Structures are given as C-alpha cells and as structure tokens.
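Text of the file entry.cif, holding mmCIF, C-alpha atoms:
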data_final
#
loop_
_atom_site.label_atom_id
_atom_site.label_comp_id
_atom_site.auth_asym_id
_atom_site.auth_seq_id
_atom_site.Cartn_x
_atom_site.Cartn_y
_atom_site.Cartn_z
CA MET D 1 124.14 -71.14 -2.06
CA THR D 2 121.25 -70.71 -4.50
CA LEU D 3 118.60 -73.41 -4.66
CA THR D 4 117.16 -74.19 -8.06
CA HIS D 5 114.22 -76.37 -9.01
CA SER D 6 114.59 -78.50 -12.11
CA PRO D 7 111.74 -78.55 -14.64
CA ALA D 8 111.58 -82.32 -14.27
CA GLY D 9 111.00 -82.07 -10.51
CA SER D 10 108.24 -79.46 -10.95
CA ALA D 11 106.51 -81.60 -13.55
CA THR D 12 106.70 -84.63 -11.24
CA ARG D 13 105.09 -82.67 -8.37
CA ARG D 14 102.34 -81.43 -10.67
CA ARG D 15 101.62 -84.97 -11.81
CA ARG D 16 101.46 -86.18 -8.20
CA GLY D 17 99.08 -83.36 -7.29
CA THR D 18 96.89 -84.12 -10.29
CA ALA D 19 96.88 -87.82 -9.38
CA ARG D 20 95.79 -87.05 -5.79
CA GLN D 21 92.98 -84.83 -7.04
CA SER D 22 91.92 -87.51 -9.49
CA ARG D 23 91.83 -90.18 -6.77
CA ALA D 24 89.80 -87.90 -4.49
CA GLY D 25 87.34 -87.20 -7.29
CA MET D 26 87.03 -90.89 -8.09
CA ALA D 27 86.36 -91.66 -4.42
CA PHE D 28 83.49 -89.14 -4.27
CA VAL D 29 82.03 -90.38 -7.56
CA ALA D 30 82.34 -94.01 -6.45
CA ALA D 31 80.44 -93.32 -3.22
CA TYR D 32 77.68 -91.60 -5.18
CA ALA D 33 77.58 -94.41 -7.75
CA VAL D 34 77.13 -97.03 -5.02
CA LEU D 35 74.23 -95.09 -3.48
CA LEU D 36 72.72 -94.47 -6.93
CA VAL D 37 72.75 -98.18 -7.74
CA ALA D 38 71.49 -99.23 -4.31
CA PHE D 39 68.68 -96.71 -3.95
CA GLY D 40 67.96 -95.73 -7.55
CA VAL D 41 68.82 -98.29 -10.19
CA LEU D 42 67.96 -101.49 -8.27
CA PRO D 43 64.55 -100.28 -6.95
CA THR D 44 63.68 -99.03 -10.44
CA ALA D 45 64.61 -102.35 -12.00
CA TYR D 46 62.59 -104.15 -9.31
CA ALA D 47 59.54 -101.99 -10.09
CA VAL D 48 59.91 -102.63 -13.82
CA TYR D 49 60.06 -106.37 -13.13
CA PHE D 50 56.81 -106.25 -11.13
CA ALA D 51 55.15 -104.04 -13.75
CA PHE D 52 55.62 -106.65 -16.49
CA THR D 53 54.87 -109.79 -14.45
CA ASP D 54 51.99 -111.17 -12.43
CA ALA D 55 51.89 -112.34 -8.81
CA GLY D 56 53.44 -115.66 -9.83
CA GLY D 57 56.35 -114.06 -11.68
CA LYS D 58 54.98 -114.86 -15.15
CA VAL D 59 55.60 -112.23 -17.84
CA THR D 60 52.31 -110.53 -18.75
CA GLY D 61 53.47 -107.79 -21.11
CA PHE D 62 51.40 -104.64 -20.73
CA ALA D 63 48.49 -106.33 -18.94
CA ASN D 64 49.19 -104.55 -15.64
CA PHE D 65 49.29 -101.19 -17.40
CA VAL D 66 45.95 -101.90 -19.08
CA THR D 67 44.39 -103.00 -15.81
CA ALA D 68 45.62 -99.90 -13.99
CA GLY D 69 44.48 -97.62 -16.81
CA GLN D 70 40.99 -99.13 -16.80
CA ASP D 71 40.54 -98.44 -13.08
CA PHE D 72 37.72 -95.91 -12.70
CA ARG D 73 39.95 -93.63 -10.59
CA PHE D 74 42.95 -93.54 -12.94
CA LEU D 75 41.90 -90.78 -15.35
CA ASP D 76 40.63 -88.60 -12.51
CA ALA D 77 43.98 -88.97 -10.73
CA VAL D 78 45.82 -88.08 -13.96
CA SER D 79 43.71 -84.94 -14.42
CA HIS D 80 44.19 -83.92 -10.77
CA VAL D 81 47.97 -84.22 -11.00
CA ALA D 82 48.05 -82.45 -14.38
CA VAL D 83 46.09 -79.45 -13.09
CA TYR D 84 48.25 -79.29 -9.98
CA LEU D 85 51.44 -79.39 -12.08
CA VAL D 86 50.24 -76.46 -14.19
CA PHE D 87 49.57 -74.35 -11.08
CA TRP D 88 52.76 -75.50 -9.35
CA LEU D 89 55.19 -74.99 -12.22
CA LEU D 90 53.76 -71.63 -13.28
CA SER D 91 53.82 -70.27 -9.74
CA LEU D 92 57.33 -71.60 -9.20
CA VAL D 93 58.80 -70.09 -12.36
CA VAL D 94 57.06 -66.72 -12.06
CA PHE D 95 57.36 -66.04 -8.35
CA VAL D 96 60.74 -67.67 -7.69
CA VAL D 97 62.41 -65.74 -10.50
CA ALA D 98 60.64 -62.50 -9.52
CA LEU D 99 61.52 -62.83 -5.83
CA ALA D 100 65.12 -63.77 -6.65
CA LEU D 101 65.45 -60.66 -8.84
CA LEU D 102 64.01 -58.46 -6.09
CA LEU D 103 66.32 -60.09 -3.55
CA HIS D 104 69.28 -59.44 -5.84
CA ARG D 105 68.29 -55.79 -6.10
CA LEU D 106 68.50 -55.50 -2.33
CA GLY D 107 72.15 -56.57 -2.46
CA SER D 108 74.06 -58.21 0.36
CA GLY D 109 72.87 -55.87 3.10
CA SER D 110 71.14 -56.88 6.31
CA ALA D 111 67.69 -56.79 4.69
CA GLY D 112 68.77 -59.16 1.94
CA LYS D 113 70.40 -61.56 4.40
CA ALA D 114 67.30 -61.58 6.61
CA LEU D 115 65.02 -62.30 3.64
CA ARG D 116 67.23 -65.13 2.38
CA PHE D 117 67.06 -66.71 5.83
CA LEU D 118 63.27 -66.28 6.03
CA TYR D 119 62.78 -67.77 2.56
CA TYR D 120 64.75 -70.85 3.53
CA ILE D 121 63.09 -71.56 6.92
CA PRO D 122 59.93 -73.33 5.58
CA GLY D 123 62.13 -75.77 3.66
CA ALA D 124 63.49 -77.04 6.98
CA LEU D 125 60.10 -78.62 7.70
CA ALA D 126 59.44 -82.13 6.46
CA GLY D 127 56.55 -82.52 4.03
CA ALA D 128 54.20 -84.06 6.59
CA ALA D 129 54.98 -81.38 9.20
CA SER D 130 54.38 -78.67 6.62
CA VAL D 131 50.96 -80.10 5.75
CA LEU D 132 50.02 -80.27 9.44
CA VAL D 133 50.89 -76.59 9.79
CA TRP D 134 48.64 -75.78 6.86
CA LEU D 135 45.80 -77.92 8.21
CA PHE D 136 45.84 -75.62 11.21
CA MET D 137 46.06 -72.50 9.02
CA LEU D 138 43.16 -73.57 6.78
CA ASP D 139 40.67 -74.34 9.54
CA PRO D 140 38.63 -71.14 10.07
CA THR D 141 37.75 -72.14 13.63
CA VAL D 142 41.37 -72.07 14.84
CA SER D 143 43.35 -70.33 12.09
CA PRO D 144 45.14 -67.05 12.92
CA VAL D 145 43.94 -65.79 9.53
CA SER D 146 40.31 -66.80 10.07
CA SER D 147 39.16 -63.26 9.25
CA LEU D 148 40.84 -63.50 5.84
CA LEU D 149 39.26 -66.90 5.20
CA GLY D 150 35.89 -65.49 6.20
CA ALA D 151 36.33 -62.55 3.84
CA LEU D 152 37.00 -65.03 1.05
CA GLY D 153 33.74 -66.81 1.87
CA PHE D 154 35.15 -69.80 3.76
CA HIS D 155 33.58 -70.42 7.16
CA THR D 156 34.22 -74.14 7.65
CA PHE D 157 37.14 -76.44 7.05
CA GLY D 158 35.05 -78.43 4.56
CA GLU D 159 34.44 -75.31 2.45
CA VAL D 160 38.15 -74.53 2.35
CA ILE D 161 39.18 -77.99 1.19
CA ALA D 162 36.40 -78.46 -1.37
CA PRO D 163 37.67 -80.54 -4.31
CA GLY D 164 37.76 -77.53 -6.65
CA ASN D 165 40.12 -75.71 -4.29
CA LEU D 166 42.63 -78.53 -3.86
CA PRO D 167 45.01 -77.72 -6.76
CA VAL D 168 45.45 -74.18 -5.43
CA LEU D 169 45.82 -75.36 -1.84
CA PHE D 170 48.43 -77.96 -2.76
CA THR D 171 50.28 -75.35 -4.82
CA VAL D 172 50.33 -72.92 -1.89
CA ILE D 173 51.62 -75.64 0.46
CA ALA D 174 54.27 -76.80 -2.00
CA PHE D 175 55.39 -73.25 -2.76
CA TRP D 176 55.65 -72.36 0.92
CA THR D 177 57.74 -75.46 1.55
CA GLY D 178 59.95 -75.67 -1.51
CA ALA D 179 60.22 -72.27 -3.18
CA GLY D 180 62.55 -70.70 -0.62
CA GLY D 181 65.45 -72.98 -1.45
CA TRP D 182 65.05 -72.26 -5.16
CA ILE D 183 64.96 -68.50 -4.50
CA VAL D 184 68.33 -68.79 -2.76
CA VAL D 185 69.68 -70.88 -5.66
CA MET D 186 68.49 -68.32 -8.23
CA TYR D 187 69.96 -65.54 -6.14
CA GLY D 188 73.32 -67.30 -6.22
CA ALA D 189 73.04 -67.72 -9.99
CA LEU D 190 72.31 -64.00 -10.37
CA ASN D 191 75.45 -63.20 -8.40
CA ASN D 192 77.45 -65.23 -10.93
CA ILE D 193 76.44 -63.01 -13.84
CA PRO D 194 79.63 -61.13 -14.88
CA THR D 195 79.70 -57.56 -13.61
CA ASP D 196 80.86 -56.28 -16.99
CA VAL D 197 77.66 -57.61 -18.58
CA MET D 198 75.53 -55.78 -16.00
CA GLU D 199 77.64 -52.65 -16.41
CA ALA D 200 77.25 -52.79 -20.20
CA ALA D 201 73.46 -52.99 -19.79
CA ARG D 202 73.51 -49.97 -17.47
CA ILE D 203 75.67 -47.96 -19.89
CA ASP D 204 73.27 -48.82 -22.73
CA GLY D 205 70.51 -47.21 -20.69
CA ALA D 206 68.66 -50.37 -19.66
CA GLY D 207 66.43 -49.94 -16.62
CA ALA D 208 65.74 -52.55 -13.95
CA TRP D 209 62.93 -54.21 -15.94
CA GLN D 210 64.87 -54.24 -19.23
CA THR D 211 67.98 -55.61 -17.51
CA ALA D 212 65.97 -58.35 -15.86
CA TRP D 213 64.09 -59.34 -19.02
CA HIS D 214 66.91 -59.08 -21.58
CA VAL D 215 69.99 -59.94 -19.50
CA GLN D 216 69.35 -61.66 -16.19
CA ILE D 217 66.46 -63.99 -17.04
CA PRO D 218 68.11 -65.30 -20.27
CA MET D 219 71.27 -66.02 -18.28
CA LEU D 220 69.17 -67.87 -15.70
CA ARG D 221 67.60 -70.05 -18.38
CA LYS D 222 69.48 -73.25 -17.55
CA TRP D 223 68.87 -72.83 -13.82
CA ILE D 224 65.16 -72.32 -14.51
CA VAL D 225 65.09 -75.47 -16.66
CA TYR D 226 66.87 -77.41 -13.91
CA MET D 227 64.30 -76.17 -11.38
CA VAL D 228 61.37 -77.08 -13.64
CA ILE D 229 62.72 -80.61 -14.24
CA LEU D 230 63.05 -81.36 -10.52
CA ALA D 231 59.77 -79.63 -9.67
CA PHE D 232 57.94 -81.60 -12.37
CA ALA D 233 59.32 -84.90 -11.09
CA GLY D 234 58.44 -84.01 -7.49
CA GLY D 235 55.00 -82.64 -8.36
CA ALA D 236 54.06 -85.70 -10.39
CA GLN D 237 54.62 -87.76 -7.23
CA LEU D 238 52.11 -85.76 -5.18
CA PHE D 239 51.21 -87.88 -2.17
CA VAL D 240 51.76 -86.47 1.32
CA GLU D 241 49.50 -83.43 0.97
CA PRO D 242 46.35 -85.17 -0.33
CA GLN D 243 46.93 -88.20 1.88
CA LEU D 244 47.07 -86.22 5.12
CA LEU D 245 44.29 -83.91 3.99
CA SER D 246 42.12 -86.95 3.25
CA LEU D 247 42.71 -88.30 6.75
CA ALA D 248 42.07 -84.93 8.40
CA SER D 249 38.87 -84.31 6.41
CA VAL D 250 37.52 -87.84 6.85
CA GLY D 251 37.62 -88.53 3.13
CA VAL D 252 36.47 -85.16 1.76
CA ALA D 253 39.70 -84.82 -0.22
CA GLY D 254 39.68 -88.48 -1.26
CA ARG D 255 42.38 -91.07 -0.74
CA ASP D 256 42.81 -91.59 -4.50
CA TYR D 257 43.28 -87.96 -5.52
CA SER D 258 46.77 -88.43 -6.97
CA LEU D 259 48.52 -91.19 -8.89
CA ASN D 260 50.82 -91.97 -5.99
CA GLN D 261 47.81 -92.37 -3.73
CA LEU D 262 46.36 -94.73 -6.31
CA THR D 263 49.55 -96.82 -6.31
CA TYR D 264 49.40 -96.93 -2.51
CA ASP D 265 45.80 -98.12 -2.69
CA PHE D 266 46.69 -100.76 -5.30
CA ALA D 267 49.58 -102.10 -3.23
CA PHE D 268 48.21 -101.99 0.31
CA GLN D 269 44.42 -102.00 -0.02
CA MET D 270 43.89 -104.19 -3.09
CA ASN D 271 47.06 -106.30 -2.71
CA ASN D 272 47.91 -105.57 -6.35
CA VAL D 273 51.62 -104.81 -6.20
CA ASN D 274 52.01 -105.37 -9.93
CA GLY D 275 49.40 -102.75 -10.78
CA ALA D 276 51.04 -100.32 -8.38
CA ALA D 277 54.40 -100.94 -10.04
CA ALA D 278 52.84 -100.31 -13.47
CA VAL D 279 51.56 -96.87 -12.40
CA SER D 280 54.96 -96.10 -10.86
CA VAL D 281 56.74 -97.00 -14.08
CA GLU D 282 54.34 -94.78 -16.02
CA LEU D 283 55.20 -91.88 -13.72
CA LEU D 284 58.89 -92.59 -14.27
CA VAL D 285 58.50 -92.63 -18.05
CA VAL D 286 56.53 -89.38 -18.05
CA SER D 287 59.04 -87.63 -15.79
CA VAL D 288 62.06 -88.81 -17.79
CA SER D 289 60.36 -87.88 -21.08
CA ALA D 290 59.47 -84.41 -19.81
CA ALA D 291 63.04 -83.92 -18.57
CA ALA D 292 64.41 -85.01 -21.97
CA VAL D 293 62.15 -82.49 -23.75
CA PHE D 294 63.17 -79.65 -21.43
CA VAL D 295 66.86 -80.49 -21.80
CA ALA D 296 66.69 -80.82 -25.60
CA ARG D 297 64.68 -77.63 -26.17
CA SER D 298 66.72 -75.53 -23.76
CA GLY D 299 70.20 -76.60 -24.83
CA PHE D 300 70.88 -77.44 -21.21
CA PHE D 301 74.22 -79.12 -21.88
CA ASP D 302 75.37 -76.75 -24.60
CA ALA D 303 78.70 -75.04 -23.90
CA GLU D 304 78.42 -71.32 -23.27
#

Encoding of this model in structure tokens:
Amino acid sequence: MTLTHSPAGSATRRRRGTARQSRAGMAFVAAYAVLLVAFGVLPTAYAVYFAFTDAGGKVTGFANFVTAGQDFRFLDAVSHVAVYLVFWLLSLVVFVVALALLLHRLGSGSAGKALRFLYYIPGALAGAASVLVWLFMLDPTVSPVSSLLGALGFHTFGEVIAPGNLPVLFTVIAFWTGAGGWIVVMYGALNNIPTDVMEAARIDGAGAWQTAWHVQIPMLRKWIVYMVILAFAGGAQLFVEPQLLSLASVGVAGRDYSLNQLTYDFAFQMNNVNGAAAVSVELLVVSVSAAAVFVARSGFFDAE
C-alpha cells in the first residue's frame, strides 16, 4: 500500500510549525521587553523626573542643568571625557580592525585559535579588577615592566599617573579590557564575507592591502559603526578607572575627572540628586544623538 500526503495536510503542518516558531520568538522578545522596561525605561524616566524637579518634587525646568553646568568642575570633566573618547575610539577602530584582519589572514589554524583565546581573556576581568591589575603594572617600584617605565622617564607612580597622561592610560586600560571581544566579533564578520567576492578580488590581482582596504573594510562598515556606537556610550560613562586611580593615588588623579564621577559627587557628597540626574540625562542625550548621527550617516539599517 502506498502512503500519500495531501497538500492540505502538508500546509497544515507548515502552519503549525510556523506558529510554534512565532510563539517561541514572542516569548524571547517578551522576556527581553520586560527586562528593558524594568532596567532601562523606568530608571531613565526616573532620572528625567529628577532632572526637571527639585528636592520637593516641584518642576524647575532646566534649572538643574544650569546649576550643574555652572559648577567649576563641569567643563573640565567634559574636556577630559572628550579627549579620552578621541583616543579610545581612534585606537579601537584602527587596532581592532587591523588585528582582526591579521587574525583572519592566519586562518583557522592553531595559531589563530590561540590568538583568539588570548584576545578574549582580558575581557573576562571585571572593570575594577582590570584597573587593579593596571595599578600594579603602572607602579615602577613593583611593576614587571619597571625597566620599560624607567626608559620612558617614569620612576614613580605619581609621574606615571600625571594628569596629562591619564587619557592615554585610560585608553590603554579600556583597550586591554574591551578590544579583545570586538576583535573576535570582527573576525566573525570577516568570515561571513562571501568567498566568491574574495576570489574575484584575488583574480583581479588585488594584494592583501588592496583587498583589505577596498573589499573587507567596506563590508565591515556596519560592524565598525555598531562598535563605535557602543564604545562611545561606554566611554562617555568613564567612571571606574579614574575613581580607583584617584583612591590609589590619594587624589592625584582627582575624584571629579569624569562626568560620571561628577554625578557621583553631586549625589553622594553634595546631596544634590537632581543635579546628578541632570548630568546623567545630558550624557544620555549626547550618546543617543551621537548614535543617531552614526546610524544616519552610515546607512546602518539600509538593506544590502
């Protein structure tokens, strides 16, 4: 006896399978939406409320923003964060893309696997633990690279963490902690470039540099934009590094170096929660505006 499947039965099974997939997708999205509202939307709305009211809950308009902006430390904190962001974003884009391209050239052999693992290890450390490691590394009296520090003219911990050196130091710490994960992400994106595109470039006589510049980097554009958006948002919230460095150096680095440190000082030293919320909202607006510019100029959501 021959078994046959009716078209109606096949269509019914397909609809049931599609419905199950849809329900599973909705369940995952619903869980994310709940967490987004609880830990993203509600805290943001709470901060906005504090930013536009006083301690008694009375609406004050932009008074808290004006008060925070007139603080003698505000402009210095803005300039510190801006300089750090320039160093951080440039180093991230240049070195992450370059290292990912070199890693891709190595292929999937043992050397490439070992390097991918080594790149990712620093990211396993929490921000505070990473800074503590670097406090040890930057002290010439105990550092394993004290000879290198001495050759650079640094003989004391105070000389290493002089205010003029802080943007570079924070960039090095941030890169050591966060760049490895992005290198692995870029490596994965490079592996997704169609082989026929790479083969066409090779047939056209393109060398490694020409292939990277004219084929691979343009096809990484959206991933690079995504990295820059997240790195900008994270870098604008610089806090752990200068805070711990300030404690370790007994105030040499300053406890109001960054805007997030300033908000901490407003909230917990000056008991001005509304001023702290105003600075936080400003950071949010700047980060969202920068992200919107990057997305609009890069065509991030354009269909390929």

Name the residues that the PyMOL selection byres ((chain D and resi 274-283) around 6) pulls out of this structure, and write them as a ChimeraX atom specification. /D:47,50-51,64-65,68,263,266-267,272-273,284-286

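Taken over the shown file, the PyMOL selection byres ((chain D and resi 259) around 9) identifies Phe74, Ala77, Val78, His80, Val81, Ala236, Gln237, Leu238, Phe239, Asp256, Tyr257, Ser258, Asn260, Gln261, Leu262, Thr263, Tyr264, Val279, Ser280 and Leu283 of chain D.
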
Name the closest residue to D:Met227 among the candidates D:Val250, D:Leu89, D:Ala129, D:Ala63; distances are taken between atoms, counting only C-alpha atoms. D:Leu89

Decode the PyMOL selection byres ((chain D and resi 293-301) around 8) for the given file into explicit residues and return them as a PyMOL selection string. chain D and resi 221-222+225+229+289-292+302-303

Pick the closest to D:Ala231 from D:Gln243, D:Gln210, D:Asn192, D:Ser287: which is it, counting all atoms listed in the file? D:Ser287

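For the residues D:Val93, D:Val133, D:Val172, D:Leu149, ranking by smallest atom-to-atom distance to D:Tyr226 using all atoms listed in the file places D:Val93 first.
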
Two-atom distance - atom CA of D:Asn271, atom CA of D:Arg255 (Å): 16.1 Å

Please identify all polymer residues within 12 Å of D:Ile121, counting all atoms listed in the file, omitting same-chain residues fewer than 4 positions from it, and present them as a VMD selection string. chain D and resid 114 to 117 125 to 126 130 176 to 181 183 to 184

Option closest in space to D:Asp139, from D:Arg105, D:Arg202, D:His155, D:Arg73 [counting only C-alpha atoms]: D:His155
